[in-house]
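Shown next: coords37.csv, containing CSV, C-alpha atoms and all ligand atoms.
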```
chain,number,residue,atom,x,y,z
B,24,MET,CA,112.3,101.3,125.9
B,25,VAL,CA,109.0,100.2,124.5
B,26,TYR,CA,109.1,99.6,120.8
B,27,ALA,CA,106.2,99.8,118.4
B,28,MET,CA,106.0,96.2,117.5
B,29,PHE,CA,107.2,96.7,114.0
B,30,THR,CA,107.8,99.5,111.7
B,31,VAL,CA,108.2,99.3,107.9
B,32,GLU,CA,110.5,102.1,106.9
B,33,ASN,CA,110.6,103.4,103.4
B,34,ILE,CA,110.8,100.0,101.7
B,35,THR,CA,111.4,100.0,98.0
B,36,ARG,CA,111.9,96.8,96.0
B,37,TYR,CA,112.7,96.4,92.4
B,38,PHE,CA,112.4,93.1,90.4
B,39,GLY,CA,114.8,94.0,87.5
B,40,ARG,CA,113.5,97.3,86.3
B,41,PHE,CA,110.0,96.8,87.7
B,42,LYS,CA,109.3,98.7,90.9
B,43,ALA,CA,107.1,96.4,92.9
B,44,LEU,CA,107.2,98.5,96.1
B,45,ASP,CA,107.6,102.2,96.2
B,46,ASN,CA,108.7,103.7,99.5
B,47,ILE,CA,106.3,101.8,101.7
B,48,SER,CA,106.0,102.9,105.4
B,49,PHE,CA,103.6,101.9,108.1
B,50,LYS,CA,103.7,100.5,111.6
B,51,VAL,CA,101.8,98.0,113.7
B,52,ASP,CA,101.6,98.5,117.4
B,53,ASN,CA,101.4,96.1,120.4
B,54,GLY,CA,98.0,94.5,120.5
B,55,GLU,CA,97.0,95.8,117.2
B,56,ILE,CA,95.6,93.9,114.2
B,57,VAL,CA,96.3,95.6,110.9
B,58,GLY,CA,94.7,94.5,107.6
B,59,TYR,CA,96.9,94.9,104.6
B,60,VAL,CA,94.5,95.2,101.7
B,61,GLY,CA,95.2,95.5,98.0
B,62,LEU,CA,94.3,93.9,94.6
B,63,ASN,CA,96.2,90.9,93.4
B,64,GLY,CA,99.6,92.1,92.3
B,65,ALA,CA,99.5,95.2,94.6
B,66,GLY,CA,102.6,94.1,96.5
B,67,LYS,CA,101.3,92.5,99.7
B,68,THR,CA,103.3,89.3,99.5
B,69,THR,CA,106.5,91.1,98.5
B,70,THR,CA,106.1,93.4,101.6
B,71,ILE,CA,105.5,90.5,103.9
B,72,ARG,CA,108.4,88.5,102.5
B,73,ILE,CA,110.6,91.5,103.2
B,74,CYS,CA,109.2,92.0,106.7
B,75,VAL,CA,110.0,88.4,107.6
B,76,GLY,CA,113.5,88.5,106.1
B,77,VAL,CA,113.2,86.0,103.2
B,78,LEU,CA,113.5,88.8,100.6
B,79,ARG,CA,115.8,91.8,100.8
B,80,PRO,CA,114.5,95.3,100.1
B,81,SER,CA,116.3,97.3,97.4
B,82,SER,CA,116.2,100.1,100.1
B,83,GLY,CA,114.6,100.8,103.4
B,84,ASP,CA,114.3,98.6,106.5
B,85,VAL,CA,111.9,96.9,108.8
B,86,ILE,CA,112.4,97.2,112.6
B,87,VAL,CA,110.9,94.4,114.6
B,88,ASP,CA,110.9,94.8,118.3
B,89,GLY,CA,113.9,97.1,117.9
B,90,TYR,CA,115.9,94.8,115.6
B,91,SER,CA,116.6,95.5,112.0
B,92,ILE,CA,115.5,92.8,109.6
B,93,THR,CA,118.3,93.7,107.2
B,94,ARG,CA,121.2,94.2,109.7
B,95,GLN,CA,120.1,91.9,112.6
B,96,LYS,CA,118.1,89.3,110.8
B,97,ARG,CA,118.8,86.5,113.4
B,98,GLU,CA,117.6,88.6,116.3
B,99,ALA,CA,114.6,90.0,114.4
B,100,SER,CA,113.6,86.6,113.2
B,101,PHE,CA,113.2,85.4,116.7
B,102,HIS,CA,110.4,87.9,117.1
B,103,ILE,CA,108.5,86.9,114.0
B,104,GLY,CA,105.8,84.4,113.2
B,105,TRP,CA,104.9,84.0,109.5
B,106,VAL,CA,102.2,82.0,107.7
B,107,PRO,CA,103.0,82.2,104.0
B,108,GLU,CA,100.4,82.6,101.3
B,109,LEU,CA,100.9,79.1,100.0
B,110,PRO,CA,102.7,77.0,102.5
B,111,ILE,CA,104.4,74.3,100.5
B,112,PHE,CA,105.0,71.2,102.5
B,113,GLU,CA,105.1,68.4,99.9
B,114,LEU,CA,106.9,66.2,102.3
B,115,ASP,CA,106.8,62.5,103.0
B,116,GLU,CA,107.5,63.2,106.7
B,117,LYS,CA,104.8,62.9,109.3
B,118,ALA,CA,103.8,66.3,110.5
B,119,ILE,CA,105.0,65.9,114.1
B,120,ASP,CA,108.4,64.6,113.0
B,121,TYR,CA,108.9,67.5,110.7
B,122,PHE,CA,107.8,69.9,113.5
B,123,VAL,CA,110.4,68.3,115.9
B,124,TYR,CA,113.1,68.6,113.2
B,125,LEU,CA,112.3,72.3,112.7
B,126,ALA,CA,112.1,73.0,116.4
B,127,GLY,CA,115.6,71.8,116.6
B,128,TYR,CA,116.7,75.0,114.9
B,129,TYR,CA,115.3,76.9,117.9
B,130,GLY,CA,117.5,74.9,120.3
B,131,LEU,CA,114.8,72.6,121.6
B,132,SER,CA,115.7,69.0,122.5
B,133,ARG,CA,113.7,66.2,120.9
B,134,SER,CA,111.7,65.6,124.0
B,135,GLU,CA,111.0,69.4,124.5
B,136,ALA,CA,110.1,69.7,120.8
B,137,HIS,CA,107.7,66.8,121.1
B,138,ARG,CA,106.0,68.2,124.1
B,139,LEU,CA,105.7,71.6,122.5
B,140,GLY,CA,104.5,70.0,119.3
B,141,LYS,CA,101.6,68.2,121.1
B,142,GLU,CA,100.6,71.5,122.7
B,143,LEU,CA,100.8,73.6,119.5
B,144,PHE,CA,99.1,71.0,117.3
B,145,GLU,CA,96.3,71.0,119.8
B,146,GLN,CA,96.1,74.8,119.7
B,147,VAL,CA,95.9,74.9,115.9
B,148,GLY,CA,93.4,72.1,115.8
B,149,LEU,CA,95.6,69.4,114.3
B,150,SER,CA,95.9,67.0,117.3
B,151,ARG,CA,94.3,64.2,115.3
B,152,PHE,CA,96.6,64.7,112.4
B,153,MET,CA,100.0,64.7,114.0
B,154,GLU,CA,101.0,61.4,112.5
B,155,ARG,CA,99.7,62.2,109.1
B,156,ARG,CA,102.2,62.8,106.3
B,157,LEU,CA,102.5,66.5,105.3
B,158,LYS,CA,101.9,65.7,101.6
B,159,HIS,CA,98.5,64.5,102.5
B,160,TYR,CA,97.5,67.7,104.3
B,161,SER,CA,94.9,70.0,102.8
B,162,LEU,CA,95.7,73.6,102.2
B,163,GLY,CA,93.9,74.6,105.4
B,164,MET,CA,95.8,72.0,107.3
B,165,LYS,CA,99.1,73.3,105.9
B,166,LYS,CA,98.2,76.7,107.0
B,167,ARG,CA,97.5,75.5,110.5
B,168,PHE,CA,100.8,73.6,110.4
B,169,ALA,CA,102.7,76.7,109.3
B,170,LEU,CA,101.0,78.5,112.1
B,171,ALA,CA,102.2,75.9,114.6
B,172,ILE,CA,105.7,76.2,113.3
B,173,SER,CA,105.5,80.0,113.5
B,174,MET,CA,104.5,79.7,117.2
B,175,ILE,CA,107.5,77.6,118.3
B,176,ASN,CA,109.3,80.7,119.4
B,177,ASP,CA,106.3,82.4,121.0
B,178,PRO,CA,106.9,85.5,118.8
B,179,ARG,CA,105.2,88.8,119.5
B,180,ASN,CA,104.7,89.7,115.8
B,181,PHE,CA,102.7,87.8,113.2
B,182,PHE,CA,102.5,88.1,109.5
B,183,PHE,CA,99.6,86.3,107.9
B,184,ASP,CA,99.5,86.3,104.1
B,185,GLU,CA,96.0,85.7,102.7
B,186,VAL,CA,95.5,83.3,105.5
B,187,LEU,CA,91.7,83.0,105.0
B,188,ASN,CA,92.0,82.4,101.3
B,189,GLY,CA,90.8,78.9,100.4
B,190,LEU,CA,89.7,78.0,103.9
B,191,ASP,CA,86.3,76.6,104.9
B,192,PRO,CA,84.1,78.5,107.3
B,193,LYS,CA,85.5,76.6,110.2
B,194,GLY,CA,89.0,77.4,109.3
B,195,ILE,CA,88.1,81.1,108.8
B,196,ALA,CA,86.5,81.2,112.3
B,197,PHE,CA,89.5,79.5,113.8
B,198,PHE,CA,91.9,82.1,112.4
B,199,ARG,CA,89.7,84.9,113.4
B,200,ASP,CA,89.5,83.7,117.0
B,201,LEU,CA,93.2,83.1,117.1
B,202,VAL,CA,94.1,86.5,115.8
B,203,LYS,CA,91.8,88.0,118.5
B,204,ARG,CA,93.6,86.0,121.1
B,205,PHE,CA,96.9,87.3,119.8
B,206,LYS,CA,95.6,90.8,120.1
B,207,ARG,CA,94.5,90.2,123.8
B,208,GLU,CA,98.0,88.9,124.5
B,209,GLY,CA,99.4,92.2,123.2
B,210,ARG,CA,100.9,90.8,120.0
B,211,ALA,CA,101.1,92.6,116.7
B,212,VAL,CA,99.4,91.1,113.7
B,213,LEU,CA,99.6,92.1,110.0
B,214,PHE,CA,96.9,90.3,108.0
B,215,SER,CA,96.9,90.6,104.2
B,216,SER,CA,93.9,90.1,102.0
B,217,HIS,CA,92.6,91.2,98.6
B,218,ILE,CA,89.1,91.4,100.0
B,219,LEU,CA,88.3,94.3,102.3
B,220,SER,CA,85.2,92.7,103.8
B,221,GLU,CA,87.4,89.7,104.8
B,222,VAL,CA,89.3,91.8,107.3
B,223,GLU,CA,86.2,93.8,108.4
B,224,ASN,CA,85.6,91.9,111.6
B,225,ILE,CA,89.2,91.3,112.5
B,226,ALA,CA,91.3,94.4,111.8
B,227,ASP,CA,91.5,97.5,113.9
B,228,ARG,CA,93.1,99.4,111.1
B,229,VAL,CA,93.7,98.9,107.4
B,230,VAL,CA,96.7,99.8,105.3
B,231,PHE,CA,95.7,100.0,101.6
B,232,ILE,CA,98.3,99.2,99.0
B,233,HIS,CA,97.9,99.8,95.3
B,234,LYS,CA,100.5,99.3,92.6
B,235,GLY,CA,103.3,99.2,95.2
B,236,ARG,CA,102.2,102.3,97.0
B,237,ILE,CA,100.4,102.9,100.3
B,238,ILE,CA,97.3,104.8,99.2
B,239,ALA,CA,95.5,105.1,102.5
B,240,VAL,CA,95.6,104.1,106.2
B,241,LYS,CA,92.2,104.1,107.9
B,242,THR,CA,90.8,102.7,111.1
B,243,MET,CA,88.0,100.2,110.7
B,244,ASP,CA,85.6,102.7,112.2
B,245,GLU,CA,86.5,105.3,109.5
B,246,ILE,CA,86.1,102.7,106.8
B,247,LYS,CA,82.7,101.6,108.2
B,248,SER,CA,81.5,105.2,108.3
B,249,MET,CA,82.5,105.6,104.7
B,250,ALA,CA,80.2,102.7,104.0
B,251,LYS,CA,77.1,104.5,105.3
B,252,PRO,CA,73.5,103.5,104.9
B,253,ALA,CA,71.8,105.2,102.1
B,254,LEU,CA,68.3,105.6,100.5
B,255,VAL,CA,67.7,105.9,96.8
B,256,VAL,CA,64.7,108.2,96.0
B,257,LYS,CA,63.1,108.9,92.7
B,258,VAL,CA,60.2,111.2,92.1
B,259,SER,CA,58.5,111.8,88.7
B,260,ASN,CA,58.3,115.5,89.2
B,261,PRO,CA,61.6,116.8,90.6
B,262,ASP,CA,62.3,120.6,90.9
B,263,ASP,CA,64.8,123.0,92.4
B,264,LYS,CA,63.2,122.7,95.8
B,265,LEU,CA,63.5,119.0,96.1
B,266,PRO,CA,67.2,118.8,97.1
B,267,LYS,CA,66.6,121.4,99.8
B,268,ILE,CA,63.9,119.1,101.4
B,269,LEU,CA,66.1,116.0,101.1
B,270,GLU,CA,69.1,117.8,102.6
B,271,LYS,CA,67.4,117.9,105.9
B,272,TYR,CA,67.7,114.1,106.1
B,273,GLY,CA,71.1,113.4,104.8
B,274,GLU,CA,73.8,114.2,102.3
B,275,VAL,CA,72.3,114.4,98.9
B,276,ARG,CA,73.8,113.1,95.6
B,277,VAL,CA,72.1,112.9,92.3
B,278,ARG,CA,72.7,110.2,89.8
B,279,ASN,CA,70.6,109.3,86.7
B,280,GLY,CA,67.8,111.4,87.9
B,281,LYS,CA,67.7,109.6,91.2
B,282,TYR,CA,68.5,111.2,94.5
B,283,ILE,CA,70.8,109.3,96.7
B,284,LEU,CA,70.6,110.2,100.3
B,285,VAL,CA,73.5,109.1,102.5
B,286,PHE,CA,73.0,109.0,106.3
B,287,ARG,CA,74.9,109.0,109.4
B,288,GLY,CA,72.2,107.3,111.5
B,289,LYS,CA,69.3,105.1,110.5
B,290,PRO,CA,67.1,106.7,107.8
B,291,ASP,CA,63.4,107.2,108.6
B,292,LYS,CA,61.9,106.2,105.2
B,293,ASN,CA,58.2,106.8,106.2
B,294,GLN,CA,58.9,110.3,107.4
B,295,ILE,CA,60.7,111.2,104.1
B,296,VAL,CA,57.9,109.7,101.9
B,297,ARG,CA,55.3,111.6,104.0
B,298,GLU,CA,57.1,114.9,103.6
B,299,LEU,CA,57.7,114.4,99.8
B,300,VAL,CA,54.0,113.6,99.3
B,301,GLU,CA,52.9,116.6,101.4
B,302,ASN,CA,55.0,118.8,99.1
B,303,GLY,CA,53.3,117.5,96.0
B,304,TYR,CA,56.0,115.1,94.8
B,305,SER,CA,55.0,111.7,93.4
B,306,VAL,CA,57.4,109.1,94.7
B,307,GLU,CA,58.3,106.5,92.1
B,308,GLU,CA,60.9,104.7,94.0
B,309,ILE,CA,62.4,104.6,97.5
B,310,ARG,CA,64.7,101.9,98.6
B,311,SER,CA,67.5,101.3,101.1
B,312,ALA,CA,71.0,100.9,99.9
B,313,ARG,CA,74.4,100.8,101.4
B,314,THR,CA,77.8,101.6,100.0
B,315,SER,CA,79.6,98.3,100.4
B,316,LEU,CA,83.0,97.9,101.8
B,317,GLU,CA,84.3,96.8,98.4
B,318,LYS,CA,83.0,100.1,97.0
B,319,VAL,CA,84.9,102.0,99.6
B,320,PHE,CA,88.0,100.0,98.6
B,321,PHE,CA,87.5,100.8,94.9
B,322,LYS,CA,86.8,104.5,95.7
B,323,LEU,CA,90.2,104.7,97.5
B,324,ILE,CA,91.9,103.0,94.6
B,325,GLY,CA,90.1,105.3,92.2
B,326,GLU,CA,91.2,108.4,94.1
B,327,ALA,CA,94.8,107.1,94.1
B,328,GLY,CA,94.6,106.6,90.4
B,329,GLU,CA,93.4,110.2,89.8
B,330,GLU,CA,96.3,111.6,91.8
B,331,GLN,CA,98.9,109.9,89.7
U,1,LIG,N1,110.2,87.2,92.3
U,1,LIG,C1,109.5,88.1,91.5
U,1,LIG,N2,110.1,88.4,90.3
U,1,LIG,C2,109.5,89.3,89.5
U,1,LIG,N3,108.3,90.0,89.8
U,1,LIG,C3,107.7,89.7,91.0
U,1,LIG,C4,108.3,88.7,91.9
U,1,LIG,N4,107.5,88.7,93.0
U,1,LIG,C5,106.5,89.5,92.8
U,1,LIG,N5,106.6,90.1,91.6
U,1,LIG,C6,105.7,91.1,91.0
U,1,LIG,O1,105.5,92.2,92.0
U,1,LIG,C7,104.2,92.6,92.0
U,1,LIG,C8,103.6,92.4,93.4
U,1,LIG,O2,103.5,91.0,93.7
U,1,LIG,P1,102.9,90.5,95.1
U,1,LIG,O3,103.7,91.1,96.1
U,1,LIG,O4,103.0,89.0,95.0
U,1,LIG,O5,101.4,91.0,95.1
U,1,LIG,P2,100.2,90.6,96.0
U,1,LIG,O6,100.7,89.7,97.1
U,1,LIG,O7,99.6,91.9,96.5
U,1,LIG,O8,99.2,89.9,95.1
U,1,LIG,C9,103.4,91.8,91.0
U,1,LIG,O9,103.4,92.6,89.8
U,1,LIG,C10,104.3,90.6,90.8
U,1,LIG,O10,104.2,90.1,89.5
U,2,MG,MG,100.1,87.8,97.6
```
Show how you would write the structure in this file as structure tokens.
Ligand SMILES: Nc1ncnc2c1ncn2[C@@H]1O[C@H](COP(=O)(O)OP(=O)(O)O)[C@@H](O)[C@H]1O
Ligand SMILES: [Mg+2]
Amino acid sequence: MVYAMFTVENITRYFGRFKALDNISFKVDNGEIVGYVGLNGAGKTTTIRICVGVLRPSSGDVIVDGYSITRQKREASFHIGWVPELPIFELDEKAIDYFVYLAGYYGLSRSEAHRLGKELFEQVGLSRFMERRLKHYSLGMKKRFALAISMINDPRNFFFDEVLNGLDPKGIAFFRDLVKRFKREGRAVLFSSHILSEVENIADRVVFIHKGRIIAVKTMDEIKSMAKPALVVKVSNPDDKLPKILEKYGEVRVRNGKYILVFRGKPDKNQIVRELVENGYSVEEIRSARTSLEKVFFKLIGEAGEEQ
């Protein structure tokens, strides 16, 4: 049987009387990178902590490669790699020593652990810092170290919680490339972020969470087509015929006396100006615009708010 890499099934989680997660369900397939996007406090970290088995759901379950995280935690854990939001390694130990110690839990001998440690430190770009004490690692280095730990088991499912947050451009590029490699290797990756544009060039699909609920699941192509190119047009003498003319070029919206044209393809600004002038309009303003990804994000959130 081939399993979807992991499925989150009707997870609800209360903290006291506060419902942090309300019946969350989604799945991530083999070779798929899914962005998990929501504002701060939406419930991303809580979801991920439940997925990796460090927090129990009030109800619901997560099935990882066929194993239940609530009933078969040990087996499920072997299929999971996790880089937490704020990896805390305020340890006096040298990175490689701590790695060897942790690898012991996976049944590796000291020499095996040392060999694997060298290889993984190299893969995560920490070769030069193997002997440095963890408490002297920067946040980015801690994230790389957490990644090396998460790879000990060669898991097929990864959970990255705000992994790009606080990284320099080099660190960001490193994680992007790594996630793409995981995808090619057929692994499943869930990638949380509070910034939609951050996952734009990484995710195949985005699950949007807002106030503990899934409000939308969209492919990156769908999201990009929501953020279409647009033109803002203003004429000093509009009349009833004007929208008809503009409709030939794109979808027309009117806001503050300005006509906003939304396109599927690339707009031909000159052609539009020519036609407007030929029809006796005096064009005050015409400029390119684009609905940004963050606007798409807020639109989705807004729609979810209206439904409640
Ligand atoms: N251990 C906890 N005790 C009480 N409330 C919590 C706890 N963990 C998270 N929360 C609350 O649950 C909500 C979701 O938090 P979190 O999952 O960390 O959001 P995100 O990662 O999307 O920023 C927030 O309102 C947060 O304050
Ligand atoms: Mg978080």
>> So the first atom is CA of Gly54 in chain B and the second is CA of Asn224 in chain B; what is the distance between them in Å, to one decimal place?
In response: 15.5 Å
Env of Gly273 in chain B: 12 Å cut, atoms = only C-alpha atoms, seq-sep filter 3 positions within chain, self excluded. Answer as a tab-separated table (two decimals) with C-alpha atoms, in the frame of the given file.
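Written output follows (result28.tsv):
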```
chain	number	residue	atom	x	y	z
B	251	LYS	CA	77.10	104.50	105.30
B	252	PRO	CA	73.50	103.50	104.90
B	253	ALA	CA	71.80	105.20	102.10
B	254	LEU	CA	68.30	105.60	100.50
B	255	VAL	CA	67.70	105.90	96.80
B	266	PRO	CA	67.20	118.80	97.10
B	267	LYS	CA	66.60	121.40	99.80
B	268	ILE	CA	63.90	119.10	101.40
B	269	LEU	CA	66.10	116.00	101.10
B	270	GLU	CA	69.10	117.80	102.60
B	276	ARG	CA	73.80	113.10	95.60
B	282	TYR	CA	68.50	111.20	94.50
B	283	ILE	CA	70.80	109.30	96.70
B	284	LEU	CA	70.60	110.20	100.30
B	285	VAL	CA	73.50	109.10	102.50
B	286	PHE	CA	73.00	109.00	106.30
B	287	ARG	CA	74.90	109.00	109.40
B	288	GLY	CA	72.20	107.30	111.50
B	289	LYS	CA	69.30	105.10	110.50
B	290	PRO	CA	67.10	106.70	107.80
B	291	ASP	CA	63.40	107.20	108.60
B	292	LYS	CA	61.90	106.20	105.20
B	295	ILE	CA	60.70	111.20	104.10
```
>> As a quick test: using only C-alpha atoms and all ligand atoms, which residues lie no more than 10 Å away from ligand MG 2 (chain U)? Give them as a PyMOL selection string.
In response: chain B and resi 61-72+107-109+184-185+215-217
Sorted per-residue table, range 68-99 of chain B near range 27-45 of chain B, closest atoms and distance, 6 Å, only C-alpha atoms, as CSV:
```
residue,atom,partner,partner_atom,distance
B:Pro80,CA,B:Arg36,CA,5.1
B:Ser81,CA,B:Arg36,CA,4.6
B:Ser82,CA,B:Thr35,CA,5.2
B:Gly83,CA,B:Ile34,CA,4.2
B:Asp84,CA,B:Glu32,CA,5.2
B:Val85,CA,B:Val31,CA,4.5
B:Ile86,CA,B:Thr30,CA,5.2
B:Val87,CA,B:Phe29,CA,4.4
B:Asp88,CA,B:Met28,CA,5.2
```
> To one decimal place, how far is CA of Pro192 in chain B from CA of Leu162 in chain B in Å?
Replying inline: 13.6 Å
>> Just to confirm, what's the straight-line distance from CA of Gly194 in chain B to CA of Gln146 in chain B in Å (one decimal)?
In response: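 Pair CA of Gly194 in chain B / CA of Gln146 in chain B returns 12.9 Å.
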> Taking into account all atoms listed in the file, which residue in the set B:Ile232, B:Ala239, B:Met153, B:Leu143 is nearest to ligand LIG 1 (chain U)?
Replying inline: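 That would be B:Ile232, the residue with the smallest distance to ligand LIG 1 (chain U).
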>> (56.9, 108.2, 90.3) in this file's frame - what residues fall within 12 Å of it? Use all atoms listed in the file and give the answer as a ChimeraX atom specification.
In response: /B:256-261,280-281,296,299-300,303-309
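The nearest approach to Arg179 in chain B among the residues B:Glu208, B:Asp244, B:Glu301, B:Glu223, with all atoms listed in the file taken into account, belongs to B:Glu208.
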> Which protein, DNA or RNA residues have an atom at most 10 Å from (89.1, 101.1, 101.5), counting all atoms listed in the file? List them as a PyMOL selection string.
Replying inline: chain B and resi 60-61+218-220+229-232+238-243+245-247+249-250+315-324
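Nearest residue to Ile195 in chain B, choosing from B:Ala171, B:Phe182, B:Ile225, B:Val123 and counting only C-alpha atoms: B:Ile225.
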>> Excluding Asp177 in chain B and its own-chain neighbours fewer than 4 positions away, which residues fall within 12 Å of it when counting all atoms listed in the file? Please give them as a VMD selection string.
In response: chain B and resid 100 to 105 126 129 139 143 170 to 173 181 205 208 210
Around all listed atoms of ligand LIG 1 (chain U), padded 3 Å per side, what centre and edge lengths does the axis-aligned box have in Å to one decimal, as lines of an AutoDock Vina configuration file?
```
center_x = 104.7
center_y = 89.9
center_z = 93.3
size_x = 17.0
size_y = 11.4
size_z = 13.6
```
> Which residue, B:Glu145, B:Ser132, B:Lys264, B:Phe214, has the smallest gap to ligand LIG 1 (chain U) when you use all atoms listed in the file?
Replying inline: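 Checking each candidate against ligand LIG 1 (chain U), we get B:Phe214 as the closest.
Here the question is which of B:Ala226, B:Val77, B:Val57, B:Leu157 gets nearest to Arg97 in chain B using all atoms listed in the file, and that residue is B:Val77.
Using all atoms listed in the file, the shortest contact distance between ligand LIG 1 (chain U) and any of B:Tyr59, B:Arg278, B:Tyr124, B:Ser150 is found at B:Tyr59.
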Could you add the missing atoms to range 121-138 of chain B, up to N, CA and C atoms, and return them as a short mmCIF file (atom, residue, chain, number, x, y, z; two decimals), in the frame of the given file?
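Output file part_24.cif follows:
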```cif
data_model
loop_
_atom_site.label_atom_id
_atom_site.label_comp_id
_atom_site.auth_asym_id
_atom_site.auth_seq_id
_atom_site.Cartn_x
_atom_site.Cartn_y
_atom_site.Cartn_z
N TYR B 121 108.36 66.36 111.36
CA TYR B 121 108.90 67.50 110.70
C TYR B 121 108.93 68.72 111.69
N PHE B 122 107.88 68.80 112.50
CA PHE B 122 107.80 69.90 113.50
C PHE B 122 109.03 69.74 114.46
N VAL B 123 109.29 68.53 114.94
CA VAL B 123 110.40 68.30 115.90
C VAL B 123 111.73 68.67 115.22
N TYR B 124 111.85 68.31 113.95
CA TYR B 124 113.10 68.60 113.20
C TYR B 124 113.26 70.17 113.13
N LEU B 125 112.19 70.89 112.77
CA LEU B 125 112.30 72.30 112.70
C LEU B 125 112.55 72.99 114.03
N ALA B 126 111.91 72.43 115.06
CA ALA B 126 112.10 73.00 116.40
C ALA B 126 113.52 72.88 116.87
N GLY B 127 114.23 71.92 116.31
CA GLY B 127 115.60 71.80 116.60
C GLY B 127 116.43 73.04 116.32
N TYR B 128 116.03 73.74 115.27
CA TYR B 128 116.70 75.00 114.90
C TYR B 128 116.57 76.04 115.99
N TYR B 129 115.54 75.90 116.80
CA TYR B 129 115.30 76.90 117.90
C TYR B 129 115.97 76.41 119.18
N GLY B 130 116.77 75.39 119.09
CA GLY B 130 117.50 74.90 120.30
C GLY B 130 116.73 74.02 121.20
N LEU B 131 115.60 73.49 120.71
CA LEU B 131 114.80 72.60 121.60
C LEU B 131 115.32 71.14 121.43
N SER B 132 115.38 70.45 122.54
CA SER B 132 115.70 69.00 122.50
C SER B 132 114.57 68.26 121.88
N ARG B 133 114.81 67.01 121.49
CA ARG B 133 113.70 66.20 120.90
C ARG B 133 112.52 66.09 121.78
N SER B 134 112.80 65.84 123.07
CA SER B 134 111.70 65.60 124.00
C SER B 134 110.91 66.95 124.23
N GLU B 135 111.67 68.04 124.34
CA GLU B 135 111.00 69.40 124.50
C GLU B 135 110.18 69.67 123.27
N ALA B 136 110.78 69.42 122.11
CA ALA B 136 110.10 69.70 120.80
C ALA B 136 108.82 68.89 120.72
N HIS B 137 108.90 67.64 121.15
CA HIS B 137 107.70 66.80 121.10
C HIS B 137 106.62 67.27 121.97
N ARG B 138 106.99 67.68 123.18
CA ARG B 138 106.00 68.20 124.10
C ARG B 138 105.33 69.47 123.57
#
```
